[in-house]
file my_file28.csv (CSV, C-alpha atoms)
chain,number,residue,atom,x,y,z
A,1000,MET,CA,108.6,75.9,66.0
A,1001,GLU,CA,111.5,78.1,67.0
A,1002,ASP,CA,110.0,81.1,65.3
A,1003,VAL,CA,106.7,80.6,67.1
A,1004,VAL,CA,108.4,80.3,70.5
A,1005,GLU,CA,110.5,83.4,69.8
A,1006,LEU,CA,107.4,85.3,68.7
A,1007,GLU,CA,105.6,84.3,71.9
A,1008,GLN,CA,108.5,85.5,74.0
A,1009,ARG,CA,108.6,88.8,72.1
A,1010,CYS,CA,104.9,89.3,72.6
A,1011,ALA,CA,105.4,88.7,76.3
A,1012,ASP,CA,108.1,91.5,76.3
A,1013,ALA,CA,105.9,93.8,74.2
A,1014,TRP,CA,102.8,93.3,76.4
A,1015,PRO,CA,104.3,92.8,79.9
A,1016,ALA,CA,102.3,91.6,82.9
A,1017,LEU,CA,102.5,93.6,86.2
A,1018,VAL,CA,104.5,90.7,87.6
A,1019,ASP,CA,106.7,88.6,85.4
A,1020,ARG,CA,108.8,86.0,87.3
A,1021,PRO,CA,111.1,83.6,85.5
A,1022,LEU,CA,111.0,79.9,86.2
A,1023,GLY,CA,113.9,78.6,84.1
A,1024,GLN,CA,112.8,79.7,80.6
A,1025,TRP,CA,109.2,79.8,81.6
A,1026,ARG,CA,107.6,83.1,82.7
A,1027,LEU,CA,105.1,83.2,85.6
A,1028,ARG,CA,102.8,86.3,84.9
A,1029,ALA,CA,100.1,88.1,86.8
A,1030,ALA,CA,98.2,91.3,86.0
A,1031,ASP,CA,95.3,91.4,88.5
A,1032,GLY,CA,93.2,89.1,86.4
A,1033,PHE,CA,93.3,91.3,83.3
A,1034,THR,CA,93.6,89.1,80.2
A,1035,GLY,CA,94.4,85.4,80.2
A,1036,ARG,CA,97.7,85.9,78.5
A,1037,ALA,CA,99.0,88.3,81.2
A,1038,ASN,CA,97.8,85.9,84.0
A,1039,SER,CA,99.4,82.7,82.9
A,1040,ALA,CA,102.7,80.9,82.8
A,1041,LEU,CA,104.3,81.2,79.4
A,1042,THR,CA,105.7,77.6,78.9
A,1043,THR,CA,108.2,78.3,76.2
A,1044,GLY,CA,111.5,76.6,76.8
A,1045,ASP,CA,112.8,74.5,79.8
A,1046,PRO,CA,111.4,75.4,83.2
A,1047,GLY,CA,114.6,74.1,84.8
A,1048,VAL,CA,112.7,71.6,86.9
A,1049,PRO,CA,110.5,68.6,86.0
A,1050,VAL,CA,107.2,69.9,84.5
A,1051,PRO,CA,105.0,68.6,87.4
A,1052,ASP,CA,107.2,70.7,89.8
A,1053,ALA,CA,107.0,73.6,87.4
A,1054,LEU,CA,103.2,73.3,87.4
A,1055,ALA,CA,103.2,73.2,91.2
A,1056,ALA,CA,105.1,76.5,91.1
A,1057,VAL,CA,102.5,77.9,88.7
A,1058,ILE,CA,99.7,76.9,91.1
A,1059,GLY,CA,101.6,78.6,94.1
A,1060,PHE,CA,102.3,81.7,92.0
A,1061,ALA,CA,98.7,82.0,91.0
A,1062,ALA,CA,97.5,81.6,94.6
A,1063,GLU,CA,100.0,84.3,95.7
A,1064,HIS,CA,98.5,86.7,93.1
A,1065,GLY,CA,94.9,85.8,93.5
A,1066,ILE,CA,94.5,84.4,89.9
A,1067,ARG,CA,93.5,81.0,88.5
A,1068,PRO,CA,96.5,78.8,87.6
A,1069,ALA,CA,96.9,78.8,83.9
A,1070,ALA,CA,99.5,77.7,81.4
A,1071,HIS,CA,100.0,79.5,78.0
A,1072,VAL,CA,101.1,76.6,75.8
A,1073,VAL,CA,102.2,76.7,72.2
A,1074,VAL,CA,100.4,74.0,70.2
A,1075,GLY,CA,103.0,71.4,69.1
A,1076,ALA,CA,105.7,72.6,71.5
A,1077,PRO,CA,107.3,70.1,73.9
A,1078,ALA,CA,105.5,71.6,76.9
A,1079,GLU,CA,102.1,70.8,75.4
A,1080,ALA,CA,102.4,67.1,75.9
A,1081,ALA,CA,104.1,67.5,79.3
A,1082,VAL,CA,101.4,69.8,80.6
A,1083,GLU,CA,98.7,67.5,79.3
A,1084,ALA,CA,100.5,64.5,80.8
A,1085,ALA,CA,100.4,66.3,84.2
A,1086,GLY,CA,96.6,66.4,83.9
A,1087,TRP,CA,96.1,70.0,82.8
A,1088,ARG,CA,93.4,70.6,80.2
A,1089,VAL,CA,92.4,73.3,77.8
A,1090,ASP,CA,90.1,75.8,79.5
A,1091,VAL,CA,87.3,75.8,76.9
A,1092,ASP,CA,85.2,78.0,79.2
A,1093,HIS,CA,87.7,80.8,79.4
A,1094,PRO,CA,85.7,84.1,78.7
A,1095,GLY,CA,88.3,85.2,76.2
A,1096,GLY,CA,88.4,81.9,74.4
A,1097,ALA,CA,90.7,78.9,74.9
A,1098,GLU,CA,93.1,79.8,72.0
A,1099,SER,CA,94.9,82.9,70.9
A,1100,LEU,CA,96.0,83.6,67.4
A,1101,VAL,CA,99.1,85.6,66.7
A,1102,MET,CA,99.3,86.8,63.1
A,1103,THR,CA,102.4,88.1,61.5
A,1104,GLY,CA,103.2,90.0,58.4
A,1105,PRO,CA,105.2,92.8,56.9
A,1106,LEU,CA,104.6,96.3,58.1
A,1107,HIS,CA,105.4,97.9,54.8
A,1108,GLY,CA,102.5,98.2,52.4
A,1109,PHE,CA,100.0,97.9,55.3
A,1110,ALA,CA,96.6,98.7,53.6
A,1111,THR,CA,93.4,100.2,55.0
A,1112,PRO,CA,90.1,100.6,53.2
A,1113,LYS,CA,90.1,103.6,51.0
A,1114,SER,CA,87.4,105.2,53.0
A,1115,ALA,CA,89.3,105.0,56.3
A,1116,ASP,CA,92.4,106.6,57.8
A,1117,VAL,CA,94.6,105.2,60.5
A,1118,ASP,CA,96.6,107.3,62.9
A,1119,VAL,CA,99.2,105.6,65.2
A,1120,SER,CA,100.9,107.2,68.2
A,1121,GLY,CA,103.1,105.9,71.0
A,1122,THR,CA,100.6,106.9,73.7
A,1123,PRO,CA,96.8,106.5,73.8
A,1124,LEU,CA,95.2,109.6,72.4
A,1125,PRO,CA,92.3,111.3,74.3
A,1126,GLY,CA,89.3,109.1,74.2
A,1127,TRP,CA,91.3,106.0,73.1
A,1128,TRP,CA,90.5,104.1,76.3
A,1129,GLU,CA,86.8,104.7,75.9
A,1130,LEU,CA,86.9,103.5,72.2
A,1131,ALA,CA,88.7,100.4,73.4
A,1132,ALA,CA,85.8,99.7,75.8
A,1133,GLN,CA,87.9,100.6,78.8
A,1134,PRO,CA,86.2,103.7,80.2
A,1135,SER,CA,88.1,103.6,83.5
A,1136,PRO,CA,91.1,101.3,83.0
A,1137,THR,CA,92.7,99.7,86.1
A,1138,ALA,CA,96.4,100.0,86.8
A,1139,ALA,CA,96.8,96.5,85.5
A,1140,GLN,CA,95.0,97.3,82.2
A,1141,ARG,CA,97.1,100.5,81.7
A,1142,HIS,CA,100.3,98.5,82.4
A,1143,VAL,CA,99.5,95.6,80.1
A,1144,LEU,CA,98.2,97.8,77.3
A,1145,ALA,CA,100.6,100.7,77.4
A,1146,SER,CA,104.0,99.6,78.8
A,1147,GLY,CA,105.6,97.7,76.0
A,1148,PRO,CA,108.7,99.1,74.4
A,1149,THR,CA,107.3,99.2,70.9
A,1150,VAL,CA,103.6,99.7,71.4
A,1151,GLY,CA,101.4,101.7,69.0
A,1152,PHE,CA,97.9,103.0,69.7
A,1153,GLY,CA,95.7,103.6,66.7
A,1154,THR,CA,92.5,105.2,65.8
A,1155,VAL,CA,90.5,104.4,62.7
A,1156,THR,CA,88.4,107.2,61.2
A,1157,ALA,CA,85.8,106.9,58.4
A,1158,GLY,CA,83.9,109.8,57.1
A,1159,GLY,CA,85.5,112.1,59.6
A,1160,GLU,CA,84.3,110.0,62.6
A,1161,VAL,CA,86.6,107.9,64.8
A,1162,VAL,CA,85.1,104.4,64.5
A,1163,ALA,CA,87.7,102.2,66.3
A,1164,ALA,CA,90.6,102.1,68.6
A,1165,VAL,CA,93.4,99.5,68.0
A,1166,ARG,CA,96.6,98.6,69.8
A,1167,GLY,CA,99.5,96.7,68.5
A,1168,ALA,CA,103.1,96.0,69.2
A,1169,VAL,CA,106.0,95.7,66.8
A,1170,VAL,CA,108.0,92.6,67.9
A,1171,GLY,CA,110.6,92.7,65.2
A,1172,ASP,CA,111.5,90.6,62.1
A,1173,LEU,CA,111.7,86.9,62.6
call {"tool": "encode", "arguments": {"input": "my_file28.csv", "output": "structure tokens"}}
result
Amino acid sequence: MEDVVELEQRCADAWPALVDRPLGQWRLRAADGFTGRANSALTTGDPGVPVPDALAAVIGFAAEHGIRPAAHVVVGAPAEAAVEAAGWRVDVDHPGGAESLVMTGPLHGFATPKSADVDVSGTPLPGWWELAAQPSPTAAQRHVLASGPTVGFGTVTAGGEVVAAVRGAVVGDL
């Protein structure tokens, strides 16, 4: 569980919200409504107050920033049972889905199909935003997608045509 919690914290550092306010070891995050992850309270660790009080702070923070109150909870972590006991439920109707999956693996030996090439840079290349379905990104989108300390922007080409834009962050070895 410690590795998962550390990975979530590193992901929050790599993909920062516009506003990231600590509540004990929790993080209250807001990014003008762009992505559920960047507009939720990351509930890793001890909030420093009883969970019902922490969730009241989450509600107040959300109201202050014009977003829906949400808690990003790691399945099986102590906060999961405490948040559920406070009456909070999984938002199965969230447009981006109710769960996120963070996959890890070694960077060395990363393979691509033989017919494709991948180029990665530290900044979005011309046209990257359009390929990523963000023709006119908002300030929040640019911040969340481009401000991490170890972010990479990639384009995938096949047959000489750019076919996809990808973004990732290196969060270090665990």
call {"tool": "atom_distance", "arguments": {"input": "my_file28.csv", "atom1": "CA of Thr1042 in chain A", "atom2": "CA of Ala1013 in chain A"}}
result
16.9 Å
call {"tool": "residues_near_point", "arguments": {"input": "my_file28.csv", "point": "(115.7, 77.8, 80.8)", "cutoff": "12 Å", "atoms": "only C-alpha atoms", "output": "ChimeraX atom specification"}}
result
/A:1021-1026,1041-1049,1053
call {"tool": "closest_residue", "arguments": {"input": "my_file28.csv", "among": "A:Ile1058, A:Pro1051, A:Ala1078, A:Asp1090", "to": "Val1004 in chain A", "atoms": "all atoms listed in the file"}}
result
A:Ala1078
call {"tool": "residues_around", "arguments": {"input": "my_file28.csv", "residues": "Trp1087 in chain A", "least_positions_apart": "6", "cutoff": "12 Å", "atoms": "all atoms listed in the file", "output": "ChimeraX atom specification"}}
result
/A:1050-1051,1054-1055,1057-1058,1068-1072,1078-1081
call {"tool": "atom_distance", "arguments": {"input": "my_file28.csv", "atom1": "CA of Ala1029 in chain A", "atom2": "CA of Ala1016 in chain A"}}
result
5.7 Å
call {"tool": "residues_around", "arguments": {"input": "my_file28.csv", "residues": "Val1018 in chain A", "least_positions_apart": "4", "cutoff": "10 Å", "atoms": "all atoms listed in the file", "output": "list of chain:residue names"}}
result
A:Arg1026, A:Leu1027, A:Arg1028, A:Ala1029, A:Ala1030, A:Asp1031, A:Ala1037, A:Asn1038, A:His1064, A:Ala1139
call {"tool": "closest_residue", "arguments": {"input": "my_file28.csv", "among": "A:Ala1085, A:Leu1017, A:Thr1034, A:Val1074", "to": "Ala1138 in chain A", "atoms": "only C-alpha atoms"}}
result
A:Leu1017
call {"tool": "atom_distance", "arguments": {"input": "my_file28.csv", "atom1": "CA of Glu1005 in chain A", "atom2": "CA of Glu1063 in chain A"}}
result
28.0 Å
call {"tool": "build_atoms", "arguments": {"input": "my_file28.csv", "residues": "range 1033-1062 of chain A", "atoms": "N, CA and C atoms", "output": "PDB file, keeping the file's coordinate frame"}}
result
ATOM      1  N   PHE A1033      93.582  90.712  84.549  1.00  0.00           N
ATOM      2  CA  PHE A1033      93.300  91.300  83.300  1.00  0.00           C
ATOM      3  C   PHE A1033      93.993  90.546  82.152  1.00  0.00           C
ATOM      4  N   THR A1034      93.275  89.913  81.316  1.00  0.00           N
ATOM      5  CA  THR A1034      93.600  89.100  80.200  1.00  0.00           C
ATOM      6  C   THR A1034      94.235  87.735  80.611  1.00  0.00           C
ATOM      7  N   GLY A1035      93.848  86.703  79.896  1.00  0.00           N
ATOM      8  CA  GLY A1035      94.400  85.400  80.200  1.00  0.00           C
ATOM      9  C   GLY A1035      95.871  85.302  79.894  1.00  0.00           C
ATOM     10  N   ARG A1036      96.317  85.963  78.851  1.00  0.00           N
ATOM     11  CA  ARG A1036      97.700  85.900  78.500  1.00  0.00           C
ATOM     12  C   ARG A1036      98.606  86.491  79.611  1.00  0.00           C
ATOM     13  N   ALA A1037      98.207  87.617  80.170  1.00  0.00           N
ATOM     14  CA  ALA A1037      99.000  88.300  81.200  1.00  0.00           C
ATOM     15  C   ALA A1037      98.849  87.631  82.578  1.00  0.00           C
ATOM     16  N   ASN A1038      98.009  86.620  82.692  1.00  0.00           N
ATOM     17  CA  ASN A1038      97.800  85.900  84.000  1.00  0.00           C
ATOM     18  C   ASN A1038      97.961  84.430  83.765  1.00  0.00           C
ATOM     19  N   SER A1039      99.079  84.068  83.155  1.00  0.00           N
ATOM     20  CA  SER A1039      99.400  82.700  82.900  1.00  0.00           C
ATOM     21  C   SER A1039     100.870  82.453  82.875  1.00  0.00           C
ATOM     22  N   ALA A1040     101.244  81.209  82.930  1.00  0.00           N
ATOM     23  CA  ALA A1040     102.700  80.900  82.800  1.00  0.00           C
ATOM     24  C   ALA A1040     102.940  80.625  81.317  1.00  0.00           C
ATOM     25  N   LEU A1041     103.870  81.384  80.769  1.00  0.00           N
ATOM     26  CA  LEU A1041     104.300  81.200  79.400  1.00  0.00           C
ATOM     27  C   LEU A1041     105.279  80.001  79.415  1.00  0.00           C
ATOM     28  N   THR A1042     104.913  78.898  78.775  1.00  0.00           N
ATOM     29  CA  THR A1042     105.700  77.600  78.900  1.00  0.00           C
ATOM     30  C   THR A1042     106.633  77.396  77.758  1.00  0.00           C
ATOM     31  N   THR A1043     107.251  78.449  77.251  1.00  0.00           N
ATOM     32  CA  THR A1043     108.200  78.300  76.200  1.00  0.00           C
ATOM     33  C   THR A1043     109.583  77.963  76.813  1.00  0.00           C
ATOM     34  N   GLY A1044     110.233  76.940  76.329  1.00  0.00           N
ATOM     35  CA  GLY A1044     111.500  76.600  76.800  1.00  0.00           C
ATOM     36  C   GLY A1044     111.487  75.598  77.995  1.00  0.00           C
ATOM     37  N   ASP A1045     112.606  75.483  78.667  1.00  0.00           N
ATOM     38  CA  ASP A1045     112.800  74.500  79.800  1.00  0.00           C
ATOM     39  C   ASP A1045     112.560  75.245  81.098  1.00  0.00           C
ATOM     40  N   PRO A1046     111.657  74.754  81.939  1.00  0.00           N
ATOM     41  CA  PRO A1046     111.400  75.400  83.200  1.00  0.00           C
ATOM     42  C   PRO A1046     112.550  75.211  84.228  1.00  0.00           C
ATOM     43  N   GLY A1047     113.499  74.331  83.917  1.00  0.00           N
ATOM     44  CA  GLY A1047     114.600  74.100  84.800  1.00  0.00           C
ATOM     45  C   GLY A1047     114.344  73.091  85.914  1.00  0.00           C
ATOM     46  N   VAL A1048     113.114  72.618  85.970  1.00  0.00           N
ATOM     47  CA  VAL A1048     112.700  71.600  86.900  1.00  0.00           C
ATOM     48  C   VAL A1048     111.749  70.667  86.177  1.00  0.00           C
ATOM     49  N   PRO A1049     111.461  69.478  86.695  1.00  0.00           N
ATOM     50  CA  PRO A1049     110.500  68.600  86.000  1.00  0.00           C
ATOM     51  C   PRO A1049     109.132  69.372  85.879  1.00  0.00           C
ATOM     52  N   VAL A1050     108.436  69.130  84.771  1.00  0.00           N
ATOM     53  CA  VAL A1050     107.200  69.900  84.500  1.00  0.00           C
ATOM     54  C   VAL A1050     106.178  69.748  85.641  1.00  0.00           C
ATOM     55  N   PRO A1051     105.972  68.583  86.274  1.00  0.00           N
ATOM     56  CA  PRO A1051     105.000  68.600  87.400  1.00  0.00           C
ATOM     57  C   PRO A1051     105.439  69.549  88.522  1.00  0.00           C
ATOM     58  N   ASP A1052     106.743  69.684  88.779  1.00  0.00           N
ATOM     59  CA  ASP A1052     107.200  70.700  89.800  1.00  0.00           C
ATOM     60  C   ASP A1052     106.990  72.083  89.294  1.00  0.00           C
ATOM     61  N   ALA A1053     107.219  72.318  88.003  1.00  0.00           N
ATOM     62  CA  ALA A1053     107.000  73.600  87.400  1.00  0.00           C
ATOM     63  C   ALA A1053     105.510  74.018  87.544  1.00  0.00           C
ATOM     64  N   LEU A1054     104.629  73.058  87.276  1.00  0.00           N
ATOM     65  CA  LEU A1054     103.200  73.300  87.400  1.00  0.00           C
ATOM     66  C   LEU A1054     102.775  73.578  88.812  1.00  0.00           C
ATOM     67  N   ALA A1055     103.424  72.906  89.763  1.00  0.00           N
ATOM     68  CA  ALA A1055     103.200  73.200  91.200  1.00  0.00           C
ATOM     69  C   ALA A1055     103.570  74.630  91.502  1.00  0.00           C
ATOM     70  N   ALA A1056     104.681  75.095  90.915  1.00  0.00           N
ATOM     71  CA  ALA A1056     105.100  76.500  91.100  1.00  0.00           C
ATOM     72  C   ALA A1056     104.095  77.447  90.475  1.00  0.00           C
ATOM     73  N   VAL A1057     103.525  77.069  89.323  1.00  0.00           N
ATOM     74  CA  VAL A1057     102.500  77.900  88.700  1.00  0.00           C
ATOM     75  C   VAL A1057     101.287  78.023  89.612  1.00  0.00           C
ATOM     76  N   ILE A1058     100.884  76.924  90.226  1.00  0.00           N
ATOM     77  CA  ILE A1058      99.700  76.900  91.100  1.00  0.00           C
ATOM     78  C   ILE A1058     100.039  77.840  92.344  1.00  0.00           C
ATOM     79  N   GLY A1059     101.232  77.713  92.920  1.00  0.00           N
ATOM     80  CA  GLY A1059     101.600  78.600  94.100  1.00  0.00           C
ATOM     81  C   GLY A1059     101.668  80.026  93.678  1.00  0.00           C
ATOM     82  N   PHE A1060     102.236  80.334  92.513  1.00  0.00           N
ATOM     83  CA  PHE A1060     102.300  81.700  92.000  1.00  0.00           C
ATOM     84  C   PHE A1060     100.914  82.285  91.841  1.00  0.00           C
ATOM     85  N   ALA A1061     100.029  81.498  91.236  1.00  0.00           N
ATOM     86  CA  ALA A1061      98.700  82.000  91.000  1.00  0.00           C
ATOM     87  C   ALA A1061      97.964  82.251  92.339  1.00  0.00           C
ATOM     88  N   ALA A1062      98.124  81.365  93.311  1.00  0.00           N
ATOM     89  CA  ALA A1062      97.500  81.600  94.600  1.00  0.00           C
ATOM     90  C   ALA A1062      98.068  82.861  95.266  1.00  0.00           C
TER      91      ALA A1062
END
